[in-house]
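This is query27.cif. It holds mmCIF, C-alpha atoms and all ligand atoms.
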data_upload
loop_
_atom_site.group_PDB
_atom_site.id
_atom_site.type_symbol
_atom_site.label_atom_id
_atom_site.label_comp_id
_atom_site.auth_asym_id
_atom_site.auth_seq_id
_atom_site.Cartn_x
_atom_site.Cartn_y
_atom_site.Cartn_z
ATOM 1 C CA MET A 13 15.951 -0.239 6.071
ATOM 2 C CA PRO A 14 15.788 -0.577 2.298
ATOM 3 C CA GLY A 15 12.931 -2.042 0.328
ATOM 4 C CA VAL A 16 9.290 -1.363 1.077
ATOM 5 C CA PHE A 17 10.180 0.811 4.032
ATOM 6 C CA ASP A 18 12.777 3.113 2.538
ATOM 7 C CA ARG A 19 11.453 6.532 1.596
ATOM 8 C CA LYS A 20 14.280 6.827 -0.910
ATOM 9 C CA ARG A 21 12.070 4.507 -2.946
ATOM 10 C CA ARG A 22 14.508 3.847 -5.755
ATOM 11 C CA ARG A 23 12.865 0.798 -7.356
ATOM 12 C CA ALA A 24 9.318 -0.488 -7.593
ATOM 13 C CA ILE A 25 7.511 -3.406 -9.159
ATOM 14 C CA VAL A 26 4.050 -2.744 -10.592
ATOM 15 C CA ARG A 27 1.708 -4.978 -12.576
ATOM 16 C CA LYS A 28 -0.480 -3.983 -15.510
ATOM 17 C CA ILE A 29 -4.252 -3.638 -15.178
ATOM 18 C CA SER A 30 -5.896 -6.950 -16.136
ATOM 19 C CA GLU A 31 -8.364 -7.389 -18.981
ATOM 20 C CA ASP A 32 -10.954 -8.526 -16.393
ATOM 21 C CA TYR A 33 -10.279 -5.604 -14.031
ATOM 22 C CA GLU A 34 -14.021 -4.832 -14.021
ATOM 23 C CA ASP A 35 -14.410 -7.979 -11.884
ATOM 24 C CA ALA A 36 -11.929 -6.769 -9.229
ATOM 25 C CA LEU A 37 -13.111 -7.006 -5.619
ATOM 26 C CA SER A 38 -14.842 -3.883 -4.373
ATOM 27 C CA THR A 39 -16.538 -3.409 -1.014
ATOM 28 C CA TYR A 40 -15.732 0.050 0.324
ATOM 29 C CA PHE A 41 -15.175 2.810 -2.246
ATOM 30 C CA GLY A 42 -16.865 1.293 -5.290
ATOM 31 C CA THR A 43 -19.988 2.984 -6.602
ATOM 32 C CA LYS A 44 -19.960 1.269 -10.024
ATOM 33 C CA ARG A 45 -17.927 -1.290 -11.940
ATOM 34 C CA PRO A 46 -14.522 0.228 -12.667
ATOM 35 C CA ASP A 47 -13.787 1.346 -16.224
ATOM 36 C CA GLN A 48 -10.926 -0.890 -17.339
ATOM 37 C CA VAL A 49 -9.777 1.381 -20.172
ATOM 38 C CA ALA A 50 -9.705 4.456 -17.940
ATOM 39 C CA ALA A 51 -7.937 2.421 -15.252
ATOM 40 C CA LYS A 52 -5.199 1.556 -17.747
ATOM 41 C CA TYR A 53 -4.716 5.264 -18.532
ATOM 42 C CA GLN A 54 -4.600 6.085 -14.846
ATOM 43 C CA HIS A 55 -2.116 3.298 -14.222
ATOM 44 C CA THR A 56 0.126 4.711 -16.958
ATOM 45 C CA GLY A 57 -0.111 8.147 -15.319
ATOM 46 C CA TYR A 58 0.701 6.613 -11.954
ATOM 47 C CA VAL A 59 3.834 4.959 -13.314
ATOM 48 C CA ALA A 60 4.848 8.275 -14.902
ATOM 49 C CA ALA A 61 4.395 10.017 -11.530
ATOM 50 C CA LEU A 62 6.618 7.438 -9.825
ATOM 51 C CA GLU A 63 9.243 7.870 -12.545
ATOM 52 C CA SER A 64 9.067 11.661 -12.252
ATOM 53 C CA CYS A 65 9.946 11.209 -8.568
ATOM 54 C CA GLY A 66 13.015 9.178 -9.521
ATOM 55 C CA VAL A 67 11.663 5.637 -9.132
ATOM 56 C CA GLU A 68 12.894 2.953 -11.498
ATOM 57 C CA VAL A 69 9.707 1.032 -12.287
ATOM 58 C CA GLU A 70 9.537 -2.579 -13.445
ATOM 59 C CA ILE A 71 6.197 -3.393 -15.074
ATOM 60 C CA LEU A 72 5.030 -7.008 -14.824
ATOM 61 C CA GLU A 73 2.572 -8.523 -17.282
ATOM 62 C CA VAL A 74 -1.020 -9.224 -16.317
ATOM 63 C CA LEU A 75 -1.790 -12.451 -14.449
ATOM 64 C CA GLU A 76 -4.638 -13.957 -16.452
ATOM 65 C CA GLY A 77 -7.702 -14.735 -14.358
ATOM 66 C CA HIS A 78 -6.680 -12.417 -11.524
ATOM 67 C CA PRO A 79 -8.650 -9.166 -11.801
ATOM 68 C CA ASP A 80 -6.892 -7.701 -8.724
ATOM 69 C CA CYS A 81 -3.367 -8.532 -9.891
ATOM 70 C CA CYS A 82 -2.339 -4.858 -10.238
ATOM 71 C CA PHE A 83 -2.467 -4.511 -6.419
ATOM 72 C CA VAL A 84 1.018 -5.893 -5.869
ATOM 73 C CA GLU A 85 1.537 -4.186 -2.486
ATOM 74 C CA ASP A 86 -0.562 -6.947 -0.944
ATOM 75 C CA THR A 87 1.599 -9.828 -2.147
ATOM 76 C CA ALA A 88 4.871 -9.391 -0.224
ATOM 77 C CA ILE A 89 6.710 -7.432 2.460
ATOM 78 C CA ILE A 90 10.360 -6.635 1.860
ATOM 79 C CA PHE A 91 12.860 -6.694 4.731
ATOM 80 C CA GLU A 92 16.419 -5.824 3.716
ATOM 81 C CA ASP A 93 17.430 -9.025 1.898
ATOM 82 C CA THR A 94 14.272 -11.073 2.586
ATOM 83 C CA ALA A 95 10.852 -11.008 0.964
ATOM 84 C CA VAL A 96 8.025 -12.287 3.141
ATOM 85 C CA ILE A 97 5.417 -13.699 0.778
ATOM 86 C CA CYS A 98 1.924 -12.976 2.056
ATOM 87 C CA ASN A 99 -0.959 -15.405 2.452
ATOM 88 C CA PRO A 100 -3.690 -13.225 0.928
ATOM 89 C CA GLY A 101 -6.741 -12.723 3.080
ATOM 90 C CA HIS A 102 -9.206 -13.174 0.206
ATOM 91 C CA PRO A 103 -9.265 -16.543 -1.584
ATOM 92 C CA SER A 104 -9.589 -14.948 -5.022
ATOM 93 C CA ARG A 105 -6.170 -13.341 -4.557
ATOM 94 C CA ALA A 106 -4.272 -16.461 -3.470
ATOM 95 C CA GLY A 107 -3.069 -17.159 -7.016
ATOM 96 C CA GLU A 108 -1.201 -13.842 -7.225
ATOM 97 C CA VAL A 109 1.665 -14.637 -4.887
ATOM 98 C CA GLU A 110 3.453 -17.440 -6.694
ATOM 99 C CA SER A 111 4.595 -15.330 -9.621
ATOM 100 C CA ILE A 112 5.696 -12.493 -7.288
ATOM 101 C CA ALA A 113 7.694 -14.970 -5.201
ATOM 102 C CA LYS A 114 9.361 -16.229 -8.382
ATOM 103 C CA ARG A 115 10.297 -12.684 -9.417
ATOM 104 C CA LEU A 116 11.506 -11.689 -5.936
ATOM 105 C CA SER A 117 13.574 -14.857 -5.553
ATOM 106 C CA LYS A 118 15.990 -13.384 -8.106
ATOM 107 C CA GLU A 119 17.247 -10.920 -5.511
ATOM 108 C CA PHE A 120 15.740 -11.765 -2.120
ATOM 109 C CA GLU A 121 15.610 -14.692 0.247
ATOM 110 C CA ILE A 122 12.031 -15.934 0.183
ATOM 111 C CA GLN A 123 10.154 -16.436 3.455
ATOM 112 C CA LYS A 124 6.726 -18.023 3.135
ATOM 113 C CA MET A 125 4.188 -17.520 5.899
ATOM 114 C CA PRO A 126 2.759 -20.482 7.860
ATOM 115 C CA THR A 127 -0.477 -21.912 6.462
ATOM 116 C CA ASP A 128 -2.593 -20.787 9.438
ATOM 117 C CA THR A 129 -1.701 -17.130 8.809
ATOM 118 C CA MET A 130 -3.500 -14.570 6.692
ATOM 119 C CA MET A 131 -1.927 -11.299 5.659
ATOM 120 C CA ASP A 132 -2.206 -8.657 2.932
ATOM 121 C CA GLY A 133 0.767 -6.304 2.544
ATOM 122 C CA GLY A 134 -1.711 -3.418 2.638
ATOM 123 C CA ASP A 135 -1.964 -3.945 6.379
ATOM 124 C CA VAL A 136 1.705 -3.214 7.015
ATOM 125 C CA ILE A 137 3.344 0.207 7.396
ATOM 126 C CA PHE A 138 6.874 1.029 8.507
ATOM 127 C CA THR A 139 7.005 4.307 10.420
ATOM 128 C CA GLY A 140 10.761 4.744 10.192
ATOM 129 C CA THR A 141 11.296 3.109 13.565
ATOM 130 C CA GLU A 142 8.661 0.408 13.900
ATOM 131 C CA LEU A 143 6.109 -1.665 12.037
ATOM 132 C CA LEU A 144 2.408 -1.001 12.320
ATOM 133 C CA ILE A 145 0.423 -4.128 11.525
ATOM 134 C CA GLY A 146 -3.303 -3.852 10.952
ATOM 135 C CA LEU A 147 -5.700 -6.571 12.021
ATOM 136 C CA SER A 148 -8.385 -6.588 9.364
ATOM 137 C CA THR A 149 -10.651 -8.868 7.365
ATOM 138 C CA ARG A 150 -7.497 -9.712 5.356
ATOM 139 C CA THR A 151 -4.882 -10.017 8.142
ATOM 140 C CA ASN A 152 -5.499 -12.305 11.101
ATOM 141 C CA ALA A 153 -3.874 -12.488 14.536
ATOM 142 C CA ASN A 154 -1.620 -15.381 13.455
ATOM 143 C CA GLY A 155 -0.390 -13.338 10.504
ATOM 144 C CA ALA A 156 0.304 -10.334 12.716
ATOM 145 C CA ALA A 157 2.060 -12.524 15.307
ATOM 146 C CA PHE A 158 4.243 -14.146 12.665
ATOM 147 C CA LEU A 159 5.309 -10.813 11.158
ATOM 148 C CA SER A 160 5.880 -9.220 14.600
ATOM 149 C CA LYS A 161 8.219 -12.069 15.530
ATOM 150 C CA PHE A 162 9.976 -11.932 12.165
ATOM 151 C CA ALA A 163 10.515 -8.172 12.610
ATOM 152 C CA ALA A 164 11.623 -8.531 16.255
ATOM 153 C CA GLU A 165 14.335 -10.955 15.150
ATOM 154 C CA ARG A 166 15.608 -8.065 13.006
ATOM 155 C CA ASN A 167 15.374 -5.583 15.891
ATOM 156 C CA ILE A 168 12.285 -3.891 14.483
ATOM 157 C CA PRO A 169 9.477 -3.448 17.010
ATOM 158 C CA ALA A 170 5.886 -3.873 15.871
ATOM 159 C CA GLN A 171 2.545 -2.564 17.078
ATOM 160 C CA ILE A 172 -0.821 -4.031 16.216
ATOM 161 C CA ILE A 173 -3.634 -1.700 15.180
ATOM 162 C CA ASP A 174 -7.259 -2.720 14.765
ATOM 163 C CA VAL A 175 -8.352 -1.732 11.283
ATOM 164 C CA PRO A 176 -11.911 -0.414 11.482
ATOM 165 C CA LYS A 177 -14.729 -2.301 9.789
ATOM 166 C CA THR A 178 -15.219 0.767 7.586
ATOM 167 C CA THR A 179 -12.113 0.088 5.577
ATOM 168 C CA LEU A 180 -10.179 -2.592 3.723
ATOM 169 C CA HIS A 181 -6.558 -2.218 4.868
ATOM 170 C CA LEU A 182 -4.506 -0.138 7.286
ATOM 171 C CA THR A 183 -2.856 1.640 4.353
ATOM 172 C CA THR A 184 -6.283 2.536 2.963
ATOM 173 C CA VAL A 185 -6.782 5.126 5.695
ATOM 174 C CA CYS A 186 -3.292 6.317 6.564
ATOM 175 C CA SER A 187 0.280 6.757 5.376
ATOM 176 C CA VAL A 188 3.533 7.861 6.970
ATOM 177 C CA PRO A 189 5.186 10.487 4.735
ATOM 178 C CA ARG A 190 8.142 11.142 7.052
ATOM 179 C CA ASN A 191 9.329 9.871 10.396
ATOM 180 C CA GLY A 192 7.054 11.125 13.167
ATOM 181 C CA THR A 193 4.212 12.211 10.865
ATOM 182 C CA ILE A 194 1.100 10.291 9.840
ATOM 183 C CA ILE A 195 -1.643 11.294 7.445
ATOM 184 C CA ALA A 196 -4.822 9.718 8.798
ATOM 185 C CA ALA A 197 -8.501 9.681 7.913
ATOM 186 C CA GLU A 198 -10.989 11.057 10.413
ATOM 187 C CA GLY A 199 -13.873 8.729 11.158
ATOM 188 C CA HIS A 200 -11.674 5.675 10.541
ATOM 189 C CA LEU A 201 -8.713 6.025 12.891
ATOM 190 C CA ARG A 202 -8.788 7.533 16.392
ATOM 191 C CA PRO A 203 -6.193 9.847 17.990
ATOM 192 C CA ASP A 204 -5.467 7.283 20.746
ATOM 193 C CA GLN A 205 -4.361 4.766 18.088
ATOM 194 C CA LEU A 206 -1.780 7.213 16.761
ATOM 195 C CA GLU A 207 -0.099 8.399 19.948
ATOM 196 C CA MET A 208 3.299 7.194 18.698
ATOM 197 C CA PHE A 209 3.323 10.040 16.149
ATOM 198 C CA GLU A 210 4.449 13.615 16.872
ATOM 199 C CA GLU A 211 2.256 14.997 14.101
ATOM 200 C CA VAL A 212 -1.047 13.805 12.668
ATOM 201 C CA ILE A 213 -2.283 15.403 9.458
ATOM 202 C CA TRP A 214 -6.001 14.647 9.657
ATOM 203 C CA VAL A 215 -7.916 14.078 6.455
ATOM 204 C CA PRO A 216 -11.634 14.873 6.609
ATOM 205 C CA GLU A 217 -13.821 11.761 6.508
ATOM 206 C CA ASP A 218 -15.279 12.638 3.110
ATOM 207 C CA GLU A 219 -11.715 12.769 1.728
ATOM 208 C CA ALA A 220 -10.587 9.560 3.503
ATOM 209 C CA TYR A 221 -9.301 8.032 0.266
ATOM 210 C CA ALA A 222 -6.622 10.738 0.084
ATOM 211 C CA ALA A 223 -4.938 9.606 3.324
ATOM 212 C CA ASN A 224 -3.010 7.022 1.308
ATOM 213 C CA THR A 225 0.025 8.774 -0.196
ATOM 214 C CA ILE A 226 3.538 7.956 -1.408
ATOM 215 C CA ALA A 227 6.164 10.351 -0.075
ATOM 216 C CA PHE A 228 9.821 10.731 -0.915
ATOM 217 C CA GLU A 229 12.804 11.968 1.055
ATOM 218 C CA ASP A 230 12.939 15.234 -0.921
ATOM 219 C CA GLY A 231 9.433 16.209 0.245
ATOM 220 C CA ARG A 232 7.532 15.297 -2.902
ATOM 221 C CA ILE A 233 4.373 13.351 -2.186
ATOM 222 C CA ILE A 234 2.139 11.535 -4.638
ATOM 223 C CA ILE A 235 -1.483 12.165 -3.725
ATOM 224 C CA SER A 236 -4.805 11.392 -5.401
ATOM 225 C CA GLU A 237 -6.625 14.010 -7.462
ATOM 226 C CA GLY A 238 -9.910 15.469 -6.242
ATOM 227 C CA PHE A 239 -9.243 15.962 -2.536
ATOM 228 C CA PRO A 240 -8.544 19.702 -2.144
ATOM 229 C CA ILE A 241 -8.599 19.932 1.653
ATOM 230 C CA THR A 242 -6.081 17.112 2.051
ATOM 231 C CA ILE A 243 -3.851 18.476 -0.698
ATOM 232 C CA GLU A 244 -3.822 21.888 1.015
ATOM 233 C CA ARG A 245 -3.086 20.385 4.455
ATOM 234 C CA VAL A 246 -0.253 18.292 3.073
ATOM 235 C CA ARG A 247 1.190 21.317 1.272
ATOM 236 C CA ASN A 248 0.945 23.373 4.468
ATOM 237 C CA ALA A 249 2.877 20.630 6.280
ATOM 238 C CA GLY A 250 5.810 21.242 3.941
ATOM 239 C CA PHE A 251 5.274 18.655 1.203
ATOM 240 C CA GLU A 252 5.182 19.199 -2.542
ATOM 241 C CA PRO A 253 2.133 17.355 -3.928
ATOM 242 C CA VAL A 254 2.341 15.377 -7.184
ATOM 243 C CA ILE A 255 -1.319 14.840 -8.019
ATOM 244 C CA VAL A 256 -2.569 11.828 -9.991
ATOM 245 C CA PRO A 257 -6.089 10.765 -11.055
ATOM 246 C CA MET A 258 -7.083 7.519 -9.334
ATOM 247 C CA SER A 259 -10.888 7.337 -9.683
ATOM 248 C CA GLU A 260 -10.983 3.965 -11.479
ATOM 249 C CA ILE A 261 -8.421 2.437 -9.117
ATOM 250 C CA MET A 262 -10.517 3.690 -6.194
ATOM 251 C CA GLN A 263 -13.588 1.920 -7.657
ATOM 252 C CA ALA A 264 -11.794 -1.369 -6.911
ATOM 253 C CA ASP A 265 -10.759 -0.245 -3.401
ATOM 254 C CA GLY A 266 -7.176 0.285 -4.534
ATOM 255 C CA SER A 267 -5.073 3.189 -3.317
ATOM 256 C CA LEU A 268 -1.758 4.660 -4.482
ATOM 257 C CA THR A 269 0.482 2.379 -2.435
ATOM 258 C CA CYS A 270 -1.481 -0.745 -3.425
ATOM 259 C CA LEU A 271 -0.181 -0.470 -6.990
ATOM 260 C CA SER A 272 3.515 -0.731 -6.052
ATOM 261 C CA LEU A 273 5.887 -3.071 -4.341
ATOM 262 C CA PHE A 274 8.984 -1.063 -3.448
ATOM 263 C CA ILE A 275 12.045 -3.268 -3.573
ATOM 264 C CA GLY A 276 14.940 -0.898 -3.117
HETATM 265 C C1 LIG B 301 -8.990 -6.139 -2.996
HETATM 266 O O1 LIG B 301 -10.100 -5.999 -2.484
HETATM 267 O O2 LIG B 301 -8.192 -6.986 -2.595
HETATM 268 C C2 LIG B 301 -8.600 -5.228 -4.144
HETATM 269 N N1 LIG B 301 -9.750 -4.924 -4.919
HETATM 270 C C3 LIG B 301 -7.994 -3.937 -3.631
HETATM 271 C C4 LIG B 301 -6.676 -4.137 -2.937
HETATM 272 C C5 LIG B 301 -6.099 -2.850 -2.461
HETATM 273 N N2 LIG B 301 -4.832 -3.019 -1.848
HETATM 274 C C6 LIG B 301 -4.421 -2.356 -0.776
HETATM 275 O O3 LIG B 301 -5.166 -1.621 -0.138
HETATM 276 N N3 LIG B 301 -3.167 -2.568 -0.366
#

Show how you would write the structure in this file as structure tokens.
Ligand code: CIR
Amino acid sequence: MPGVFDRKRRRAIVRKISEDYEDALSTYFGTKRPDQVAAKYQHTGYVAALESCGVEVEILEVLEGHPDCCFVEDTAIIFEDTAVICNPGHPSRAGEVESIAKRLSKEFEIQKMPTDTMMDGGDVIFTGTELLIGLSTRTNANGAAFLSKFAAERNIPAQIIDVPKTTLHLTTVCSVPRNGTIIAAEGHLRPDQLEMFEEVIWVPEDEAYAANTIAFEDGRIIISEGFPITIERVRNAGFEPVIVPMSEIMQADGSLTCLSLFIG
């Protein structure tokens, strides 16, 4: 299924780091206000890493007054020819979706979510055969029910996973680099939640941030710098790591996938 869920990952939309990025929301990984200038450098490096893996990247301008606007993963979920526009789970992010919907309407049908739903795209993962939908502080049961039904109508089954209170989104603590394999953070997810996978590459709790990766069909995998145990485990599992610095993105609770919306 092309779009967000296709590990060919040919095309992505990203958005520049805002001038007020230092005011971005931060609850989990932040230890200080993020450095906006360093974040811009890291974002440039991130885009270069995507391009080096063959992704055609479209860079959107900053949305004034939206410090979290670079985290475009949260704004929409792409299904084949339809873009589901999320109802962000934090009020400060509500103003980000309109401009994404406008951009996506150029090539996708637009499906808005009902007003009683709440969903961030960071709570949705496609495993290759099914959707995993996280219930979190940003995604409520109505949001999960709506997306499950929407997916079922397209013959895609969905499973709901409780996102632990220790983390922001489902994607914050896991990623699916190939069908049947999940990279998951110890201390956040439990083995019984991941029984649908043949292989779990466990990330030690003190490297939890590194569980979020972006993998490609050829085995390359973009992974955050500074997490040696995870990098070694991923390499041992047959992947070729492409390592990028992410410290200032992490300060705002953003991970690798959060910075991209894959559209083809
Ligand atoms: C937020 O709290 O909404 C942003 N500071 C971080 C969003 C990260 N996005 C993601 O995990 N998909």

Near Ser111 (chain A), within 10 Å and counting all atoms listed in the file, which residues show up once chain neighbours fewer than 4 positions away are dropped, as a CSV table (one decimal) with C-alpha atoms, keeping the file's coordinate frame?
chain,number,residue,atom,x,y,z
A,72,LEU,CA,5.0,-7.0,-14.8
A,75,LEU,CA,-1.8,-12.5,-14.4
A,87,THR,CA,1.6,-9.8,-2.1
A,107,GLY,CA,-3.1,-17.2,-7.0
A,115,ARG,CA,10.3,-12.7,-9.4
A,116,LEU,CA,11.5,-11.7,-5.9
A,117,SER,CA,13.6,-14.9,-5.6

* How many Å lie between CA of Met125 (chain A) and CA of Asp32 (chain A), rounded to one decimal? ->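 Computing it gives 28.4 Å between the two atoms.
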
* Asked: How would you write, as an NGL selection string, the set of residues no farther than 10 Å from ligand LIG 301 (chain B) when counting only C-alpha atoms and all ligand atoms?
  -> :A and (33 or 35-42 or 79-87 or 100-105 or 132-136 or 150 or 179-185 or 224 or 261-273)

Please write the residues picked by the PyMOL selection byres (((chain A and resi 167) around 12) and not hetatm) on this file as a PDB file with C-alpha atoms, in the frame of the given file.
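Result file is out32.pdb:
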ATOM      1  CA  MET A  13      15.951  -0.239   6.071  1.00  0.00           C
ATOM      2  CA  PHE A  91      12.860  -6.694   4.731  1.00  0.00           C
ATOM      3  CA  THR A 141      11.296   3.109  13.565  1.00  0.00           C
ATOM      4  CA  GLU A 142       8.661   0.408  13.900  1.00  0.00           C
ATOM      5  CA  LEU A 143       6.109  -1.665  12.037  1.00  0.00           C
ATOM      6  CA  SER A 160       5.880  -9.220  14.600  1.00  0.00           C
ATOM      7  CA  LYS A 161       8.219 -12.069  15.530  1.00  0.00           C
ATOM      8  CA  PHE A 162       9.976 -11.932  12.165  1.00  0.00           C
ATOM      9  CA  ALA A 163      10.515  -8.172  12.610  1.00  0.00           C
ATOM     10  CA  ALA A 164      11.623  -8.531  16.255  1.00  0.00           C
ATOM     11  CA  GLU A 165      14.335 -10.955  15.150  1.00  0.00           C
ATOM     12  CA  ARG A 166      15.608  -8.065  13.006  1.00  0.00           C
ATOM     13  CA  ILE A 168      12.285  -3.891  14.483  1.00  0.00           C
ATOM     14  CA  PRO A 169       9.477  -3.448  17.010  1.00  0.00           C
ATOM     15  CA  ALA A 170       5.886  -3.873  15.871  1.00  0.00           C
TER      16      ALA A 170
END

* To do: Using all atoms listed in the file, find the one residue out of A:Tyr221, A:Phe209, A:Phe239, A:Phe274 that sits nearest to Leu62 (chain A).
  =>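 Going through A:Tyr221, A:Phe209, A:Phe239, A:Phe274 one by one, the smallest distance to Leu62 (chain A) is for A:Phe274.
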
* Asked: Could you tell me, as a list of chain:residue names, which residues have any atom at most 8 Å from (13.1, -17.0, 0.6), counting only C-alpha atoms?
  ->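 Nearby residues: A:Thr94, A:Ala95, A:Val96, A:Ser117, A:Phe120, A:Glu121, A:Ile122, A:Gln123, A:Lys124.
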
Just write the chosen residues, C-alpha atoms, as a short mmCIF file (atom, residue, chain, number, x, y, z; two decimals), keeping the file's coordinate frame.
data_model
loop_
_atom_site.label_atom_id
_atom_site.label_comp_id
_atom_site.auth_asym_id
_atom_site.auth_seq_id
_atom_site.Cartn_x
_atom_site.Cartn_y
_atom_site.Cartn_z
CA THR A 94 14.27 -11.07 2.59
CA ALA A 95 10.85 -11.01 0.96
CA VAL A 96 8.02 -12.29 3.14
CA SER A 117 13.57 -14.86 -5.55
CA PHE A 120 15.74 -11.76 -2.12
CA GLU A 121 15.61 -14.69 0.25
CA ILE A 122 12.03 -15.93 0.18
CA GLN A 123 10.15 -16.44 3.46
CA LYS A 124 6.73 -18.02 3.14
#

* Residue nearest Val109 (chain A) among A:His78, A:Arg245, A:Arg45, A:Arg22 (counting all atoms listed in the file) ->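 Checking each candidate against Val109 (chain A), we get A:His78 as the closest.
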
* To do: Would you mind reading off the distance between CA of Glu260 (chain A) and CA of Arg202 (chain A), one decimal, in Å?
  =>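 CA of Arg202 (chain A) lies at a distance of 28.2 Å from CA of Glu260 (chain A).
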
* Mind giving me the straight-line distance from CA of Glu211 (chain A) to CA of Lys20 (chain A) in Å, one decimal? =>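 About the pair CA of Glu211 (chain A) and CA of Lys20 (chain A): they are 20.9 Å apart.
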
* Evaluate the PyMOL selection byres (((chain A and resi 241) around 8) and not hetatm) and record the selected residues as a PyMOL selection string, following the chain and residue labels used in the document. => chain A and resi 215-216+219+239-240+242-245

* With distances taken over only C-alpha atoms, which of A:Pro176, A:Ile213, A:Ala113, A:Thr225 is nearest to His200 (chain A)? ->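 Smallest distance to His200 (chain A) is found for A:Pro176.
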
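Between Ser187 (chain A) and the residues A:Leu144, A:Ile172, A:Arg247, A:Thr149, the shortest atom-to-atom distance, using all atoms listed in the file, involves A:Leu144.
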
Kindly resolve the PyMOL selection byres (((chain A and resi 55) around 9) and not hetatm) on the present coordinates and return the residues as a compact mmCIF listing (two decimals) with C-alpha atoms, in the frame of the given file.
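Generated file (part33.txt):
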# COMPACT_ATOMS: atom_id res chain seq x y z
CA LYS A 28 -0.48 -3.98 -15.51
CA ILE A 29 -4.25 -3.64 -15.18
CA ALA A 50 -9.70 4.46 -17.94
CA ALA A 51 -7.94 2.42 -15.25
CA LYS A 52 -5.20 1.56 -17.75
CA TYR A 53 -4.72 5.26 -18.53
CA GLN A 54 -4.60 6.08 -14.85
CA THR A 56 0.13 4.71 -16.96
CA GLY A 57 -0.11 8.15 -15.32
CA TYR A 58 0.70 6.61 -11.95
CA VAL A 59 3.83 4.96 -13.31
CA ALA A 60 4.85 8.28 -14.90
CA MET A 258 -7.08 7.52 -9.33
CA ILE A 261 -8.42 2.44 -9.12
CA LEU A 271 -0.18 -0.47 -6.99
